[in-house]
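What follows is start-v8.txt (compact mmCIF, C-alpha atoms and all ligand atoms).
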# COMPACT_ATOMS: atom_id res chain seq x y z
CA LEU A 1 -10.74 32.15 21.83
CA ASP A 2 -11.24 35.90 22.28
CA ALA A 3 -12.38 37.57 25.53
CA ASP A 4 -16.03 36.76 24.76
CA GLY A 5 -15.27 33.08 24.22
CA ASN A 6 -15.64 33.29 20.44
CA VAL A 7 -13.17 31.61 18.12
CA ASP A 8 -10.49 34.12 17.10
CA PHE A 9 -9.87 33.05 13.51
CA GLN A 10 -7.07 35.57 13.08
CA LYS A 11 -5.14 33.76 15.77
CA VAL A 12 -5.96 30.43 14.13
CA GLN A 13 -4.66 31.80 10.84
CA ALA A 14 -1.47 33.02 12.53
CA ARG A 15 -0.90 29.56 14.02
CA TRP A 16 -1.41 27.88 10.64
CA ASN A 17 1.05 30.35 9.08
CA GLU A 18 3.61 29.52 11.74
CA LEU A 19 3.12 25.76 11.17
CA ALA A 20 3.44 26.22 7.40
CA LYS A 21 7.14 27.02 7.94
CA VAL A 22 7.60 23.40 9.09
CA LYS A 23 4.98 21.47 7.13
CA VAL A 24 1.74 22.30 5.31
CA SER A 25 -0.92 19.80 6.34
CA LEU A 26 -4.10 19.43 4.31
CA GLY A 27 -5.98 21.10 7.16
CA ASN A 28 -3.65 24.05 6.79
CA LYS A 29 -3.81 24.13 2.99
CA TYR A 30 -7.61 24.31 2.95
CA PHE A 31 -7.97 26.88 5.75
CA THR A 32 -8.50 29.77 3.31
CA PRO A 33 -10.03 33.24 3.80
CA GLU A 34 -13.14 31.94 1.99
CA VAL A 35 -13.43 29.12 4.52
CA VAL A 36 -13.16 31.63 7.39
CA GLU A 37 -15.97 33.69 5.82
CA GLN A 38 -18.17 30.58 5.65
CA VAL A 39 -17.43 29.40 9.15
CA LYS A 40 -18.24 32.82 10.59
CA LYS A 41 -21.81 32.41 9.33
CA LEU A 42 -22.25 29.35 11.56
CA SER A 43 -23.51 29.31 15.16
CA ALA A 44 -21.03 29.87 18.00
CA ALA A 45 -21.31 26.16 18.92
CA ASP A 46 -20.48 25.09 15.37
CA GLN A 47 -17.55 27.52 15.27
CA HIS A 48 -16.17 25.91 18.42
CA ARG A 49 -16.60 22.50 16.88
CA PHE A 50 -14.78 23.71 13.78
CA LEU A 51 -11.85 24.59 16.04
CA ASP A 52 -12.06 21.10 17.63
CA VAL A 53 -11.89 19.57 14.14
CA MET A 54 -8.55 21.33 13.49
CA MET A 55 -7.07 20.77 16.95
CA GLY A 56 -4.86 17.80 15.97
CA GLY A 57 -3.31 19.86 13.18
CA LEU A 58 -2.91 23.05 15.18
CA ALA A 59 -1.14 21.19 17.98
CA ASN A 60 1.31 19.11 15.91
CA ASP A 61 3.82 20.42 13.42
CA ASP A 62 4.22 16.96 11.83
CA SER A 63 0.57 16.59 10.81
CA SER A 64 -0.03 15.52 7.26
CA VAL A 65 -3.82 15.80 7.47
CA GLY A 66 -4.40 17.62 10.73
CA VAL A 67 -8.18 17.32 11.03
CA TYR A 68 -10.59 14.85 12.62
CA ALA A 69 -14.39 14.91 12.47
CA THR A 70 -16.10 15.14 15.84
CA ARG A 71 -19.62 14.18 14.72
CA PRO A 72 -20.89 12.50 11.53
CA GLU A 73 -22.64 15.73 10.47
CA ASP A 74 -19.32 17.61 10.47
CA TYR A 75 -18.87 16.35 6.92
CA ASP A 76 -21.98 18.37 5.95
CA VAL A 77 -21.79 21.34 8.35
CA PHE A 78 -18.11 21.94 7.43
CA SER A 79 -18.36 20.58 3.89
CA PHE A 80 -16.88 23.79 2.45
CA TYR A 81 -13.66 22.84 4.26
CA LEU A 82 -13.66 19.05 4.53
CA GLN A 83 -14.92 18.07 1.08
CA PRO A 84 -12.09 19.62 -0.98
CA LEU A 85 -9.65 18.21 1.58
CA ILE A 86 -11.09 14.69 1.20
CA ARG A 87 -10.95 14.90 -2.59
CA ASP A 88 -7.35 16.11 -2.43
CA TYR A 89 -6.19 13.32 -0.08
CA HIS A 90 -7.89 10.59 -2.14
CA LYS A 91 -6.90 12.28 -5.43
CA ILE A 92 -10.47 12.48 -6.70
CA GLU A 93 -11.36 14.94 -9.42
CA GLY A 94 -14.98 15.59 -10.29
CA GLU A 95 -18.13 14.42 -8.62
CA THR A 96 -17.38 10.84 -7.57
CA LYS A 97 -19.88 9.26 -5.20
CA GLN A 98 -18.85 6.33 -3.03
CA GLU A 99 -19.89 2.85 -4.24
CA HIS A 100 -19.44 -0.43 -2.41
CA ASP A 101 -18.41 -3.75 -3.96
CA TRP A 102 -17.30 -6.73 -1.92
CA ASN A 103 -17.05 -9.07 -4.91
CA ILE A 104 -13.44 -10.02 -4.40
CA PRO A 105 -12.12 -13.16 -6.08
CA VAL A 106 -10.30 -15.89 -4.19
CA ASP A 107 -7.43 -17.74 -5.89
CA GLU A 108 -6.58 -14.72 -8.02
CA TYR A 109 -4.53 -12.25 -5.99
CA LEU A 110 -1.92 -14.82 -4.99
CA LEU A 111 1.29 -13.47 -3.45
CA THR A 112 3.08 -16.66 -4.55
CA LYS A 113 2.56 -15.50 -8.14
CA ILE A 114 4.71 -12.46 -7.26
CA ASP A 115 7.36 -14.54 -5.50
CA PRO A 116 7.05 -18.26 -4.63
CA LYS A 117 8.69 -17.48 -1.29
CA LEU A 118 5.67 -15.40 -0.24
CA GLU A 119 3.82 -18.46 0.92
CA LYS A 120 3.01 -17.58 4.49
CA VAL A 121 2.58 -13.85 4.87
CA SER A 122 0.70 -11.93 7.52
CA MET A 123 -2.23 -10.38 5.63
CA ARG A 124 -4.61 -7.92 7.25
CA ALA A 125 -7.75 -6.07 6.22
CA ARG A 126 -9.90 -3.77 8.30
CA VAL A 127 -12.87 -1.51 7.93
CA ALA A 128 -13.54 1.48 10.16
CA ARG A 129 -17.10 1.99 11.35
CA ASN A 130 -18.98 4.40 13.58
CA VAL A 131 -22.51 3.88 14.79
CA LYS A 132 -25.28 6.25 13.75
CA GLY A 133 -26.47 8.65 16.42
CA TRP A 134 -23.26 8.75 18.48
CA ASN A 135 -20.57 11.40 18.70
CA LEU A 136 -17.30 10.40 17.07
CA PRO A 137 -14.38 9.55 19.42
CA PRO A 138 -12.89 13.10 19.59
CA LEU A 139 -16.11 14.38 21.18
CA MET A 140 -17.29 11.37 23.20
CA SER A 141 -17.56 11.90 26.95
CA LYS A 142 -16.21 9.29 29.36
CA GLU A 143 -19.77 8.14 30.02
CA GLU A 144 -20.51 7.79 26.29
CA ARG A 145 -17.34 5.75 25.81
CA ILE A 146 -18.34 3.39 28.62
CA ASN A 147 -21.94 3.13 27.36
CA PHE A 148 -20.76 2.45 23.84
CA GLU A 149 -18.45 -0.32 25.02
CA ASN A 150 -21.28 -1.94 26.99
CA LYS A 151 -23.58 -1.75 23.97
CA MET A 152 -20.91 -3.64 22.01
CA VAL A 153 -20.38 -6.20 24.77
CA GLN A 154 -24.10 -7.01 24.51
CA ALA A 155 -23.86 -7.33 20.73
CA PHE A 156 -20.84 -9.67 21.09
CA GLU A 157 -22.78 -11.89 23.50
CA ASN A 158 -25.38 -12.60 20.79
CA PHE A 159 -22.83 -12.96 18.01
CA ASP A 160 -22.89 -16.09 15.81
CA ILE A 161 -19.06 -16.11 15.52
CA LYS A 162 -17.55 -17.41 18.75
CA GLY A 163 -15.09 -15.19 20.51
CA LYS A 164 -14.22 -13.26 23.63
CA TYR A 165 -14.17 -9.59 24.60
CA HIS A 166 -11.17 -8.17 26.46
CA SER A 167 -11.71 -4.78 28.08
CA LEU A 168 -9.15 -2.18 29.13
CA THR A 169 -11.77 -0.28 31.18
CA PRO A 170 -10.89 -0.28 34.90
CA GLY A 171 -13.39 -2.41 36.82
CA HIS A 172 -15.11 -3.82 33.70
CA LYS A 173 -16.34 -7.40 34.03
CA ASN A 174 -14.19 -8.35 31.01
CA GLN A 175 -11.13 -6.37 32.14
CA ILE A 176 -7.74 -7.88 31.34
CA THR A 177 -4.46 -7.28 33.17
CA GLN A 178 -1.70 -4.99 31.86
CA GLU A 179 0.41 -8.12 31.13
CA GLN A 180 -2.41 -9.61 29.03
CA ALA A 181 -2.83 -6.31 27.19
CA ASP A 182 0.91 -6.11 26.50
CA GLU A 183 0.85 -9.65 25.12
CA LEU A 184 -2.02 -8.75 22.75
CA ILE A 185 -0.12 -5.65 21.60
CA LYS A 186 3.00 -7.74 20.99
CA ARG A 187 0.99 -10.09 18.78
CA HIS A 188 -0.32 -7.06 16.79
CA PHE A 189 -3.90 -7.76 17.82
CA LEU A 190 -4.52 -4.88 20.21
CA PHE A 191 -3.80 -1.21 19.50
CA ASN A 192 -1.14 0.71 21.39
CA ASP A 193 -1.76 2.99 24.35
CA MET A 194 -3.44 5.88 22.51
CA THR A 195 -2.01 8.51 24.85
CA THR A 196 1.44 7.91 23.32
CA ASP A 197 0.18 9.43 20.02
CA ASN A 198 0.23 13.25 20.06
CA HIS A 199 -2.29 13.48 17.23
CA LEU A 200 -4.82 11.31 19.04
CA THR A 201 -4.24 13.10 22.34
CA SER A 202 -4.51 16.71 21.18
CA SER A 203 -7.63 16.04 19.10
CA GLY A 204 -9.44 14.37 22.01
CA VAL A 205 -9.55 10.96 20.31
CA ALA A 206 -7.46 9.49 23.16
CA SER A 207 -9.37 11.23 25.98
CA ASP A 208 -10.49 9.25 29.04
CA TRP A 209 -8.03 6.50 28.17
CA PRO A 210 -8.45 3.54 28.80
CA TYR A 211 -12.19 3.82 29.47
CA GLY A 212 -14.44 2.30 26.82
CA ARG A 213 -11.52 0.62 25.05
CA GLY A 214 -11.11 -3.04 24.30
CA ILE A 215 -10.90 -5.80 21.74
CA TRP A 216 -13.10 -8.74 20.77
CA ILE A 217 -11.15 -11.72 19.37
CA SER A 218 -12.64 -14.75 17.64
CA ASP A 219 -11.72 -18.15 19.08
CA ASP A 220 -9.66 -18.97 15.97
CA GLU A 221 -7.83 -15.61 16.31
CA THR A 222 -8.38 -14.56 12.69
CA LYS A 223 -11.08 -11.97 13.38
CA MET A 224 -11.10 -9.09 15.80
CA ILE A 225 -12.95 -5.89 16.59
CA TRP A 226 -11.32 -2.89 18.25
CA VAL A 227 -13.64 -0.83 20.40
CA GLY A 228 -12.88 2.83 21.14
CA GLU A 229 -9.78 3.53 19.08
CA GLU A 230 -9.69 6.28 16.39
CA ASP A 231 -13.09 5.06 15.21
CA GLN A 232 -15.70 3.54 17.50
CA LEU A 233 -15.12 0.23 15.73
CA ARG A 234 -12.33 -1.21 13.66
CA ILE A 235 -13.43 -4.54 12.21
CA ILE A 236 -10.38 -6.59 11.35
CA SER A 237 -9.28 -9.88 9.87
CA ILE A 238 -5.73 -11.19 10.01
CA VAL A 239 -4.87 -14.30 8.00
CA GLN A 240 -1.49 -15.99 7.54
CA GLY A 241 -1.25 -17.12 3.94
CA ASN A 242 -0.84 -15.89 0.38
CA ASP A 243 -4.33 -15.29 -1.04
CA LEU A 244 -5.43 -11.68 -0.53
CA GLY A 245 -9.02 -12.64 -1.39
CA LYS A 246 -9.21 -14.98 1.61
CA VAL A 247 -8.68 -12.18 4.09
CA ASP A 248 -11.51 -10.19 2.44
CA GLN A 249 -13.78 -13.20 2.68
CA SER A 250 -13.04 -13.46 6.39
CA LEU A 251 -13.52 -9.72 6.96
CA TYR A 252 -16.80 -9.65 5.08
CA GLN A 253 -18.14 -12.51 7.16
CA LEU A 254 -17.31 -10.57 10.33
CA LEU A 255 -18.80 -7.32 9.00
CA THR A 256 -22.10 -8.92 7.97
CA GLY A 257 -22.19 -10.77 11.31
CA ILE A 258 -21.95 -7.51 13.20
CA GLU A 259 -24.51 -5.80 10.96
CA LYS A 260 -26.95 -8.63 11.75
CA SER A 261 -26.66 -7.78 15.43
CA GLY A 262 -28.68 -4.65 14.59
CA LEU A 263 -25.99 -1.95 14.57
CA GLU A 264 -26.56 0.80 12.03
CA PHE A 265 -23.41 2.49 10.83
CA ALA A 266 -23.04 6.18 9.97
CA GLU A 267 -22.87 6.63 6.20
CA HIS A 268 -22.58 9.80 4.11
CA PRO A 269 -24.51 9.88 0.82
CA VAL A 270 -21.47 11.07 -1.14
CA TYR A 271 -18.45 10.23 1.00
CA GLY A 272 -19.53 6.77 2.09
CA VAL A 273 -18.58 5.29 5.44
CA VAL A 274 -18.20 8.02 8.06
CA THR A 275 -14.86 7.93 9.86
CA THR A 276 -13.08 10.16 12.35
CA CYS A 277 -10.14 10.82 10.04
CA PRO A 278 -11.06 12.02 6.54
CA THR A 279 -8.38 9.69 5.16
CA ASN A 280 -10.64 6.72 5.93
CA MET A 281 -13.86 8.07 4.44
CA GLY A 282 -15.30 6.07 1.56
CA THR A 283 -14.82 2.38 2.17
CA GLY A 284 -13.06 2.80 5.53
CA LYS A 285 -11.11 -0.17 4.30
CA ARG A 286 -7.38 -0.61 4.67
CA GLN A 287 -5.78 -3.80 3.46
CA SER A 288 -2.15 -4.63 3.97
CA ILE A 289 0.51 -7.26 4.15
CA LEU A 290 3.63 -7.36 6.29
CA GLY A 291 6.50 -7.58 3.81
CA LYS A 292 10.28 -7.53 4.17
CA PHE A 293 12.18 -5.03 2.03
CA PRO A 294 15.80 -5.30 3.20
CA ASN A 295 17.22 -4.12 -0.15
CA ILE A 296 15.09 -1.04 -0.68
CA THR A 297 15.49 0.04 2.95
CA ASN A 298 19.19 -0.91 3.13
CA GLY A 299 18.67 -3.18 6.12
CA GLY A 300 15.92 -1.04 7.60
CA LYS A 301 18.17 2.04 7.70
CA ASP A 302 16.38 3.93 4.91
CA GLU A 303 12.67 3.78 5.65
CA LYS A 304 12.08 6.94 3.68
CA LYS A 305 13.17 5.32 0.44
CA LEU A 306 10.60 2.56 0.82
CA LYS A 307 7.91 5.09 1.74
CA ASP A 308 8.76 7.23 -1.31
CA ILE A 309 8.77 4.30 -3.74
CA ALA A 310 5.56 2.91 -2.27
CA ARG A 311 3.89 6.32 -2.62
CA GLN A 312 4.59 6.31 -6.37
CA PHE A 313 2.47 3.17 -6.63
CA GLY A 314 -0.38 4.56 -4.52
CA LEU A 315 0.78 2.61 -1.49
CA GLN A 316 1.64 3.59 2.05
CA ALA A 317 4.50 1.90 3.94
CA ARG A 318 4.34 1.92 7.74
CA GLY A 319 6.28 0.22 10.49
CA MET A 320 4.81 -2.87 12.10
CA GLY A 321 3.39 -1.09 15.13
CA GLY A 322 0.99 1.27 13.37
CA GLU A 323 1.00 4.55 11.53
CA HIS A 324 3.93 6.39 13.11
CA SER A 325 6.05 3.36 14.05
CA ALA A 326 9.52 2.28 12.95
CA MET A 327 10.64 -0.60 10.72
CA ASP A 328 13.09 -3.33 11.84
CA HIS A 329 16.53 -4.23 10.43
CA GLU A 330 14.94 -6.40 7.74
CA GLY A 331 12.85 -3.47 6.53
CA THR A 332 9.63 -5.15 7.61
CA ALA A 333 6.82 -2.86 6.58
CA ASP A 334 3.07 -2.82 6.51
CA ILE A 335 2.11 -1.99 2.92
CA SER A 336 -1.39 -0.81 1.99
CA PRO A 337 -3.08 1.26 -0.73
CA SER A 338 -3.68 4.83 0.53
CA ALA A 339 -7.00 5.42 -1.21
CA ARG A 340 -10.18 4.54 0.64
CA PHE A 341 -12.60 6.93 -1.06
CA GLY A 342 -13.56 6.78 -4.74
CA VAL A 343 -12.51 3.14 -4.88
CA THR A 344 -14.59 0.11 -3.94
CA GLU A 345 -13.54 -2.51 -1.42
CA ALA A 346 -12.66 -4.78 -4.36
CA VAL A 347 -10.48 -2.12 -5.98
CA VAL A 348 -8.52 -1.66 -2.73
CA THR A 349 -7.52 -5.34 -2.87
CA ARG A 350 -6.61 -5.16 -6.57
CA ARG A 351 -4.52 -2.01 -6.00
CA LEU A 352 -2.65 -3.70 -3.18
CA TYR A 353 -1.87 -6.68 -5.39
CA GLU A 354 -0.79 -4.61 -8.39
CA GLY A 355 1.29 -2.28 -6.21
CA LEU A 356 3.04 -5.22 -4.55
CA ILE A 357 4.02 -6.63 -7.95
CA LYS A 358 5.89 -3.40 -8.68
CA LEU A 359 7.39 -3.04 -5.20
CA TYR A 360 8.78 -6.59 -5.12
CA GLU A 361 10.16 -6.09 -8.63
CA ILE A 362 12.27 -3.19 -7.36
CA GLU A 363 13.26 -5.12 -4.22
CA ALA A 364 14.49 -7.99 -6.44
CA GLN A 365 16.39 -5.64 -8.77
CA LEU A 366 18.28 -4.15 -5.84
CA GLY A 367 19.19 -7.60 -4.44
C1 LIG B 1 -1.95 13.54 10.72
O1 LIG B 1 -2.62 14.49 10.37
O2 LIG B 1 -0.80 13.38 10.33
C2 LIG B 1 -2.56 12.54 11.65
N1 LIG B 1 -3.77 13.08 12.15
C3 LIG B 1 -2.79 11.22 10.95
C4 LIG B 1 -3.57 11.32 9.70
C5 LIG B 1 -3.85 10.07 8.93
N2 LIG B 1 -3.97 8.86 9.65
C6 LIG B 1 -4.99 8.39 10.36
O3 LIG B 1 -5.99 8.98 10.58
N3 LIG B 1 -4.92 7.16 10.83

Let me see whether you can do it: turn the structure in this file into structure tokens.
Amino acid sequence: LDADGNVDFQKVQARWNELAKVKVSLGNKYFTPEVVEQVKKLSAADQHRFLDVMMGGLANDDSSVGVYATRPEDYDVFSFYLQPLIRDYHKIEGETKQEHDWNIPVDEYLLTKIDPKLEKVSMRARVARNVKGWNLPPLMSKEERINFENKMVQAFENFDIKGKYHSLTPGHKNQITQEQADELIKRHFLFNDMTTDNHLTSSGVASDWPYGRGIWISDDETKMIWVGEEDQLRIISIVQGNDLGKVDQSLYQLLTGIEKSGLEFAEHPVYGVVTTCPTNMGTGKRQSILGKFPNITNGGKDEKKLKDIARQFGLQARGMGGEHSAMDHEGTADISPSARFGVTEAVVTRRLYEGLIKLYEIEAQLG
């Protein structure tokens, strides 16, 4: 900010130039002189918010995206910046508009058809959602986070699927102990302490931790809902098995259940489901399996090779503990299609299946 409290875009440009020597994030790539001209026409408040949007990228030299939306309308107010960035990330050319399609077959995308040994695999699918009328997590105040959590606790109490809410908020009636939280993290149900992620911290997504954060878990432990992580809600199903369609069925049941409770989600007419990170816009859906790739990764020592091969097939390979986590000595990785926008929910599942066919083919060849 300059002496008058206005955003000094020359300084912002200088910082992006400095970061470009290490890595060019999408936020950096699309911060052009034309964008600066456009943003200068906005109100002082909007200019400040534009700076907030870029904060994760400006603070971290390892950012690949580097921007987070702070309110649903950011995708319109800053469309001159965010829309080309979204199209680039999701590799969309032309005027695609988001469509939804949850018609996903069961008994078709069978992992055992790829390899009979893939009989009992941990399969996961999630959708990100934010509720209309609320700030997105980077901009939520502590009070808003607490109010949002309580609104969800009420919704869970009237839910037709039986389950239990576990809160991380100090003093909350559903608060769990640190030991219980650690156990849920170990089982890959609960998200990690958000303050350990520099991207989430510098962008404000992790602010007021652990207030307003928690997880609802169904009694059969196949369905869960994260409250207060990168998006207000992450609606998740985890199934042990080999039919990718079954996990979608379970997720869809949970999603429609929560919609029936009266929540209205933020949706953009072109970019679909509104999410904090532009990488999740569209369907907000990420579907993955936990697979072992000891040959490609050379016993877990060469994660990069798996990531590079996966990328060629439109897939992302992560460690087991989330986006920036490491793989183990068996090369256990969470594999998911990267595209969420310009594809339907059904296409995400098909892409995962088709990508896995190719990935396991290479793993077998190297064995
Ligand atoms: C980055 O720019 O590298 C981080 N902000 C992460 C971006 C994509 N992942 C995500 O939002 N979960």

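Of note, atom CA of A:Phe341 and atom CA of A:Gln83 are spaced 11.6 Å apart.
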
Using all atoms listed in the file, find each protein or nucleic acid residue lying at most 8 Å from ligand LIG 1 (chain B); present the set as number ranges by chain. A: 25-26, 56-57, 62-68, 199-200, 230, 276-280, 323

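Nearest to A:Leu136 of all the residues A:Ser43, A:Thr32, A:Asn6, A:Thr70 is A:Thr70, counting all atoms listed in the file.
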
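Rounded to one decimal, atom CA of A:Lys120 and atom CA of A:Val343 lie 27.5 Å from each other.
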
Around (-14.3, 31.7, 16.3), as given in the file, which residues come within 12 Å? Count only C-alpha atoms and list them as an mmCIF file with C-alpha atoms, keeping the file's coordinate frame.
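Once written, out-v4.cif looks like this:
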data_model
loop_
_atom_site.group_PDB
_atom_site.id
_atom_site.type_symbol
_atom_site.label_atom_id
_atom_site.label_comp_id
_atom_site.auth_asym_id
_atom_site.auth_seq_id
_atom_site.Cartn_x
_atom_site.Cartn_y
_atom_site.Cartn_z
ATOM 1 C CA LEU A 1 -10.740 32.150 21.830
ATOM 2 C CA ASP A 2 -11.240 35.900 22.280
ATOM 3 C CA ALA A 3 -12.380 37.570 25.530
ATOM 4 C CA ASP A 4 -16.030 36.760 24.760
ATOM 5 C CA GLY A 5 -15.270 33.080 24.220
ATOM 6 C CA ASN A 6 -15.640 33.290 20.440
ATOM 7 C CA VAL A 7 -13.170 31.610 18.120
ATOM 8 C CA ASP A 8 -10.490 34.120 17.100
ATOM 9 C CA PHE A 9 -9.870 33.050 13.510
ATOM 10 C CA GLN A 10 -7.070 35.570 13.080
ATOM 11 C CA LYS A 11 -5.140 33.760 15.770
ATOM 12 C CA VAL A 12 -5.960 30.430 14.130
ATOM 13 C CA GLN A 13 -4.660 31.800 10.840
ATOM 14 C CA VAL A 36 -13.160 31.630 7.390
ATOM 15 C CA GLU A 37 -15.970 33.690 5.820
ATOM 16 C CA GLN A 38 -18.170 30.580 5.650
ATOM 17 C CA VAL A 39 -17.430 29.400 9.150
ATOM 18 C CA LYS A 40 -18.240 32.820 10.590
ATOM 19 C CA LYS A 41 -21.810 32.410 9.330
ATOM 20 C CA LEU A 42 -22.250 29.350 11.560
ATOM 21 C CA SER A 43 -23.510 29.310 15.160
ATOM 22 C CA ALA A 44 -21.030 29.870 18.000
ATOM 23 C CA ALA A 45 -21.310 26.160 18.920
ATOM 24 C CA ASP A 46 -20.480 25.090 15.370
ATOM 25 C CA GLN A 47 -17.550 27.520 15.270
ATOM 26 C CA HIS A 48 -16.170 25.910 18.420
ATOM 27 C CA ARG A 49 -16.600 22.500 16.880
ATOM 28 C CA PHE A 50 -14.780 23.710 13.780
ATOM 29 C CA LEU A 51 -11.850 24.590 16.040
ATOM 30 C CA ASP A 52 -12.060 21.100 17.630
#

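For the pair atom CA of A:Gly299 and atom CA of A:Ala364, the separation is 14.1 Å.
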
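Candidate residues A:Leu85, A:Ala326, A:Val347, A:Ile161 were compared for distance to A:Thr297, and the nearest is A:Ala326, using all atoms listed in the file.
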
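Shortest atom-to-atom contact with A:His90 among A:Phe31, A:Tyr271, A:Trp102, A:Phe191: A:Tyr271, counting only C-alpha atoms.
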
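Residue nearest A:Arg124, chosen from A:Ala346, A:Ala206, A:Met224, A:Ala317 and counting all atoms listed in the file: A:Met224.
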
Considering only C-alpha atoms, state which residue in the set A:Asn150, A:Asn295, A:Thr196, A:Ser336 is at the smallest distance from A:Leu244. A:Ser336

From the block you just saw, export stretch 167-184 of chain A: N, CA and C atoms, as a PDB file, in the first residue's frame.
ATOM      1  N   SER A 167     -16.363 -31.083  16.586  1.00  0.00           N
ATOM      2  CA  SER A 167     -15.888 -29.710  16.393  1.00  0.00           C
ATOM      3  C   SER A 167     -14.483 -29.523  16.945  1.00  0.00           C
ATOM      4  N   LEU A 168     -13.722 -28.649  16.260  1.00  0.00           N
ATOM      5  CA  LEU A 168     -12.391 -28.278  16.762  1.00  0.00           C
ATOM      6  C   LEU A 168     -12.457 -26.943  17.505  1.00  0.00           C
ATOM      7  N   THR A 169     -13.614 -26.295  17.471  1.00  0.00           N
ATOM      8  CA  THR A 169     -13.767 -24.968  18.095  1.00  0.00           C
ATOM      9  C   THR A 169     -13.677 -25.064  19.621  1.00  0.00           C
ATOM     10  N   PRO A 170     -12.754 -24.313  20.230  1.00  0.00           N
ATOM     11  CA  PRO A 170     -12.632 -24.344  21.687  1.00  0.00           C
ATOM     12  C   PRO A 170     -13.970 -23.995  22.361  1.00  0.00           C
ATOM     13  N   GLY A 171     -14.396 -24.847  23.283  1.00  0.00           N
ATOM     14  CA  GLY A 171     -15.617 -24.584  24.040  1.00  0.00           C
ATOM     15  C   GLY A 171     -16.905 -24.983  23.340  1.00  0.00           C
ATOM     16  N   HIS A 172     -16.831 -25.487  22.116  1.00  0.00           N
ATOM     17  CA  HIS A 172     -18.037 -25.894  21.390  1.00  0.00           C
ATOM     18  C   HIS A 172     -18.650 -27.128  22.043  1.00  0.00           C
ATOM     19  N   LYS A 173     -19.983 -27.215  22.005  1.00  0.00           N
ATOM     20  CA  LYS A 173     -20.635 -28.359  22.672  1.00  0.00           C
ATOM     21  C   LYS A 173     -20.242 -29.697  22.036  1.00  0.00           C
ATOM     22  N   ASN A 174     -19.810 -29.690  20.790  1.00  0.00           N
ATOM     23  CA  ASN A 174     -19.372 -30.923  20.122  1.00  0.00           C
ATOM     24  C   ASN A 174     -17.849 -31.032  20.057  1.00  0.00           C
ATOM     25  N   GLN A 175     -17.142 -30.249  20.869  1.00  0.00           N
ATOM     26  CA  GLN A 175     -15.673 -30.222  20.757  1.00  0.00           C
ATOM     27  C   GLN A 175     -15.051 -31.580  21.083  1.00  0.00           C
ATOM     28  N   ILE A 176     -14.055 -31.970  20.271  1.00  0.00           N
ATOM     29  CA  ILE A 176     -13.318 -33.202  20.534  1.00  0.00           C
ATOM     30  C   ILE A 176     -11.930 -32.855  21.081  1.00  0.00           C
ATOM     31  N   THR A 177     -11.274 -33.841  21.685  1.00  0.00           N
ATOM     32  CA  THR A 177      -9.941 -33.600  22.239  1.00  0.00           C
ATOM     33  C   THR A 177      -8.900 -33.635  21.114  1.00  0.00           C
ATOM     34  N   GLN A 178      -7.709 -33.146  21.405  1.00  0.00           N
ATOM     35  CA  GLN A 178      -6.608 -33.175  20.435  1.00  0.00           C
ATOM     36  C   GLN A 178      -6.304 -34.616  20.020  1.00  0.00           C
ATOM     37  N   GLU A 179      -6.376 -35.558  20.998  1.00  0.00           N
ATOM     38  CA  GLU A 179      -6.097 -36.973  20.697  1.00  0.00           C
ATOM     39  C   GLU A 179      -7.129 -37.513  19.706  1.00  0.00           C
ATOM     40  N   GLN A 180      -8.402 -37.153  19.928  1.00  0.00           N
ATOM     41  CA  GLN A 180      -9.452 -37.612  19.003  1.00  0.00           C
ATOM     42  C   GLN A 180      -9.248 -37.008  17.611  1.00  0.00           C
ATOM     43  N   ALA A 181      -8.852 -35.740  17.574  1.00  0.00           N
ATOM     44  CA  ALA A 181      -8.606 -35.081  16.290  1.00  0.00           C
ATOM     45  C   ALA A 181      -7.445 -35.765  15.563  1.00  0.00           C
ATOM     46  N   ASP A 182      -6.378 -36.054  16.313  1.00  0.00           N
ATOM     47  CA  ASP A 182      -5.209 -36.707  15.709  1.00  0.00           C
ATOM     48  C   ASP A 182      -5.586 -38.066  15.126  1.00  0.00           C
ATOM     49  N   GLU A 183      -6.447 -38.782  15.851  1.00  0.00           N
ATOM     50  CA  GLU A 183      -6.886 -40.100  15.392  1.00  0.00           C
ATOM     51  C   GLU A 183      -7.663 -39.954  14.063  1.00  0.00           C
ATOM     52  N   LEU A 184      -8.520 -38.952  13.980  1.00  0.00           N
ATOM     53  CA  LEU A 184      -9.306 -38.734  12.754  1.00  0.00           C
ATOM     54  C   LEU A 184      -8.408 -38.311  11.585  1.00  0.00           C
TER      55      LEU A 184
END
